[in-house]
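Undergrad: Take this structure first; my questions come after.
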Amino acid sequence: MPDISPHPATGQNGRIAMIAGGSLERDAKLARLATLAGYTPLLMDHTQPADFLLIDLSSETDRLGDTVSRITLYLQTHRSTALIWSKMESLEVIYAALPHGQCHFLVDADDVEAMPVLAGAFGRNSMDRLYDTDQEVEFRSLHRISDELAEFARTLARMADPELKGTIKDKSISFRAAPLGGFQGFPVENSVANGAAAKPSLREIIKLRRLRERFFPPDLFADPAWDILLDLKAAAQEGQRVSVSSLCIAAAVPPTTALRWISAMTESGMVLRRQDPADARRVFIELSAETSAKMDDYFAAISARSSPII
């Protein structure tokens, strides 16, 4: 078992990861994960700063609110980054309470999915380095880099524990992962039209997109950003509010991937977080006014060309 007793030690490049797994066995697994990524794992100490927090809230039930409050205070005090493991059923409370922009969420996910995050694949500073001064790196390049890191993570996991060989999926865990900081603002241009989305209805479009999954593997057409926008636009037309967990389902990708896209789109201003006025433990996601207008323009342009919409 890795040494995770609190002591003044540092990992590779002086990096430290605080561990809170909820049990000795889980602590040991998270410590091993941190060690593989080049961090020195230490038991959670709220008085000491760390580069990363590795917190497993999957088994938290009765005291979840208190635990989340303590994590929030730590993040606000030390400006660290947290990796949070959770179940889908507790995601709403956790996502609403923790500081936006300082957390990565792993929802019903394998531990190996944390490796690209620990390696810096989805940190703002590392993503900013992928940009030239005048030219944006294309999304496909970011996807390729993400996939390479995911393969690296799987290789490390197999080396660390041969018993995991049969349990680690061959499918890329970061398939079309959202690049934080990768979204740019919409270009300024004249509006094509101010009308609402044309027929067929957005819900019908969403149904047609899901229909493809009866004939082809779902991840073949994974397009979480567009699915998120479609669902939010349809909900706005219907006067409905969309919770984080339901939007993860609408994205039609694993919830961890969906949350990555939601975070990226929120930071870019494409979508907005709104706290539920009736329940502070929940936030809703909605389109920004500019994004909504651009979607109206898009559908008006498509309708004018009589092009199929899926």
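Convention: chains lettered A, B, ... in structure tokens order; per-chain residue numbering from 1; ligands numbered from 1 as shown.
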So that I can see what lies close to Tyr74 (chain A), please list as a compact mmCIF listing (two decimals) with all heavy atoms, in the first residue's frame the residues with an atom at most 9 Å from it, counting only C-alpha atoms and leaving out residues fewer than 6 positions away in the same chain.
TA:
# COMPACT_ATOMS: atom_id res chain seq x y z
N HIS A 46 -6.90 19.67 5.65
CA HIS A 46 -7.52 20.91 5.20
C HIS A 46 -6.67 22.14 5.47
O HIS A 46 -6.99 23.23 4.97
CB HIS A 46 -8.90 21.07 5.86
CG HIS A 46 -9.91 20.09 5.37
ND1 HIS A 46 -10.70 20.32 4.26
CD2 HIS A 46 -10.25 18.86 5.81
CE1 HIS A 46 -11.49 19.29 4.05
NE2 HIS A 46 -11.24 18.38 4.98
N THR A 47 -5.60 21.98 6.23
CA THR A 47 -4.74 23.12 6.53
C THR A 47 -3.57 23.25 5.57
O THR A 47 -2.88 24.27 5.57
CB THR A 47 -4.19 23.02 7.96
OG1 THR A 47 -3.29 21.90 8.06
CG2 THR A 47 -5.32 22.86 8.96
N PRO A 49 -1.88 23.11 1.60
CA PRO A 49 -2.21 23.24 0.17
C PRO A 49 -1.76 22.02 -0.61
O PRO A 49 -0.83 21.31 -0.22
CB PRO A 49 -1.42 24.48 -0.25
CG PRO A 49 -0.24 24.51 0.67
CD PRO A 49 -0.74 23.97 1.99
N SER A 80 -6.88 25.07 -5.25
CA SER A 80 -6.47 23.80 -5.84
C SER A 80 -7.49 23.35 -6.89
O SER A 80 -8.50 24.00 -7.11
CB SER A 80 -6.34 22.73 -4.75
OG SER A 80 -5.40 23.11 -3.78
Undergrad: Show which residues sit within 9 Å of Val107 (chain A), as an MDAnalysis selection string. Count only C-alpha atoms, and ignore same-chain residues fewer than 2 positions away.
TA: chainID A and resid 58 84:88 91 105 109:110 254:256 259
Undergrad: For the residues in that selection, give me C-alpha atoms as a short mmCIF file (atom, residue, chain, number, x, y, z; two decimals), in the first residue's frame.
TA:
data_model
loop_
_atom_site.label_atom_id
_atom_site.label_comp_id
_atom_site.auth_asym_id
_atom_site.auth_seq_id
_atom_site.Cartn_x
_atom_site.Cartn_y
_atom_site.Cartn_z
CA SER A 58 -19.64 7.87 -4.48
CA ILE A 84 -14.51 14.30 -7.76
CA TRP A 85 -15.85 10.77 -8.11
CA SER A 86 -19.64 10.59 -7.73
CA LYS A 87 -22.74 8.65 -8.57
CA MET A 88 -25.21 10.04 -11.06
CA LEU A 91 -24.41 14.75 -9.15
CA PHE A 105 -16.21 15.21 -12.27
CA ALA A 109 -16.37 6.23 -14.20
CA ASP A 110 -13.27 4.06 -14.14
CA PRO A 254 -20.79 9.14 -20.84
CA PRO A 255 -21.68 11.68 -18.12
CA THR A 256 -18.02 12.42 -17.38
CA LEU A 259 -19.78 17.37 -17.95
#
Undergrad: According to DSSP computed on the backbone, where in region 13-133 of chain A is there alpha helix (DSSP H)? Give the residues as a PyMOL selection string.
TA: chain A and resi 24-36+64-78+91-97+115-118+124-128
Undergrad: Taking only C-alpha atoms into account, which of A:Asp223, A:Asp51, A:Asp231, A:Glu92 comes nearest Gly14 (chain A)?
TA: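 Selected residue with least distance to Gly14 (chain A): A:Asp51.
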Undergrad: Which residue, A:Phe216, A:Leu229, A:Leu54, A:Arg32, has the smallest gap to Met295 (chain A) when you use only C-alpha atoms?
TA: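 Smallest separation from Met295 (chain A) among the options: A:Leu229.
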Undergrad: Let me make sure I understand: among A:His104, A:Phe299, A:Glu213, A:Leu98, which one has the smallest atom-to-atom distance to Arg282 (chain A) if we use only C-alpha atoms?
TA: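 Answer, going by the shortest atom-to-atom distance: A:Leu98.
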Undergrad: Set the distance at 6 Å and use only C-alpha atoms: which residues neighbour Cys103 (chain A) once local chain neighbours fewer than 6 positions away are removed? I'd like the list as a PyMOL selection string.
TA: chain A and resi 81-83
Undergrad: In terms of the shortest atom-to-atom distance over only C-alpha atoms, which of A:Met265, A:Ala20, A:Val112, A:Leu230 is closest to Arg203 (chain A)?
TA: A:Leu230
Undergrad: Pick out the residues sitting within 12 Å of Asp276 (chain A), and hand them over as number ranges by chain; count only C-alpha atoms, and ignore anything fewer than 6 positions along from it in its own chain.
TA: A: 92-93, 96-97, 241-244, 282-286
Undergrad: Restrict the selected residues to N, CA, C and O atoms and save them as a short mmCIF file (atom, residue, chain, number, x, y, z; two decimals), in the first residue's frame.
TA:
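Saved as again.cif:
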data_model
loop_
_atom_site.label_atom_id
_atom_site.label_comp_id
_atom_site.auth_asym_id
_atom_site.auth_seq_id
_atom_site.Cartn_x
_atom_site.Cartn_y
_atom_site.Cartn_z
N GLU A 92 -26.30 16.27 -8.93
CA GLU A 92 -26.93 17.60 -8.87
C GLU A 92 -26.42 18.40 -7.67
O GLU A 92 -26.03 19.56 -7.79
N VAL A 93 -26.43 17.78 -6.50
CA VAL A 93 -25.99 18.46 -5.27
C VAL A 93 -24.52 18.82 -5.35
O VAL A 93 -24.11 19.95 -5.01
N ALA A 96 -23.74 21.61 -8.09
CA ALA A 96 -24.24 22.94 -7.73
C ALA A 96 -23.40 23.59 -6.63
O ALA A 96 -23.24 24.81 -6.61
N ALA A 97 -22.87 22.79 -5.73
CA ALA A 97 -22.20 23.35 -4.54
C ALA A 97 -20.73 23.66 -4.76
O ALA A 97 -20.21 24.64 -4.20
N ARG A 241 -36.95 24.02 -17.79
CA ARG A 241 -35.59 24.20 -17.32
C ARG A 241 -34.87 22.85 -17.33
O ARG A 241 -35.49 21.81 -17.12
N VAL A 242 -33.58 22.89 -17.57
CA VAL A 242 -32.80 21.66 -17.76
C VAL A 242 -31.77 21.53 -16.65
O VAL A 242 -30.93 22.41 -16.46
N SER A 243 -31.83 20.43 -15.93
CA SER A 243 -30.86 20.16 -14.87
C SER A 243 -29.58 19.58 -15.47
O SER A 243 -29.55 19.14 -16.63
N VAL A 244 -28.53 19.58 -14.70
CA VAL A 244 -27.25 19.07 -15.17
C VAL A 244 -27.34 17.59 -15.50
O VAL A 244 -26.84 17.14 -16.54
N ARG A 282 -29.27 22.81 -6.42
CA ARG A 282 -29.37 22.41 -7.82
C ARG A 282 -29.18 23.62 -8.72
O ARG A 282 -29.56 24.73 -8.37
N VAL A 283 -28.54 23.40 -9.85
CA VAL A 283 -28.40 24.45 -10.86
C VAL A 283 -29.02 23.97 -12.16
O VAL A 283 -29.06 22.77 -12.45
N PHE A 284 -29.52 24.92 -12.93
CA PHE A 284 -30.03 24.64 -14.26
C PHE A 284 -29.06 25.21 -15.29
O PHE A 284 -28.33 26.16 -15.01
N ILE A 285 -29.08 24.63 -16.47
CA ILE A 285 -28.25 25.10 -17.57
C ILE A 285 -29.17 25.63 -18.66
O ILE A 285 -30.19 25.01 -18.98
N GLU A 286 -28.81 26.77 -19.23
CA GLU A 286 -29.61 27.34 -20.31
C GLU A 286 -28.70 28.00 -21.33
O GLU A 286 -27.54 28.30 -21.06
#
Undergrad: Counting only C-alpha atoms, which residue out of A:Gly101, A:Ile262, A:Ser59, A:Ser90 sits closest to Leu75 (chain A)?
TA: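 The answer is A:Gly101, which sits nearest to Leu75 (chain A).
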Undergrad: Which distance in Å separates CA of Ala50 (chain A) and CA of Leu73 (chain A), to one decimal?
TA: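 Taking CA of Ala50 (chain A) as the start and CA of Leu73 (chain A) as the end point, the length is 13.6 Å.
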Undergrad: I'd like the contact shell of Ala250 (chain A) - 9 Å cut-off, only C-alpha atoms, skipping same-chain residues fewer than 6 positions apart - returned as a VMD selection string.
TA: chain A and resid 206 224 227 to 228 230 to 231 258
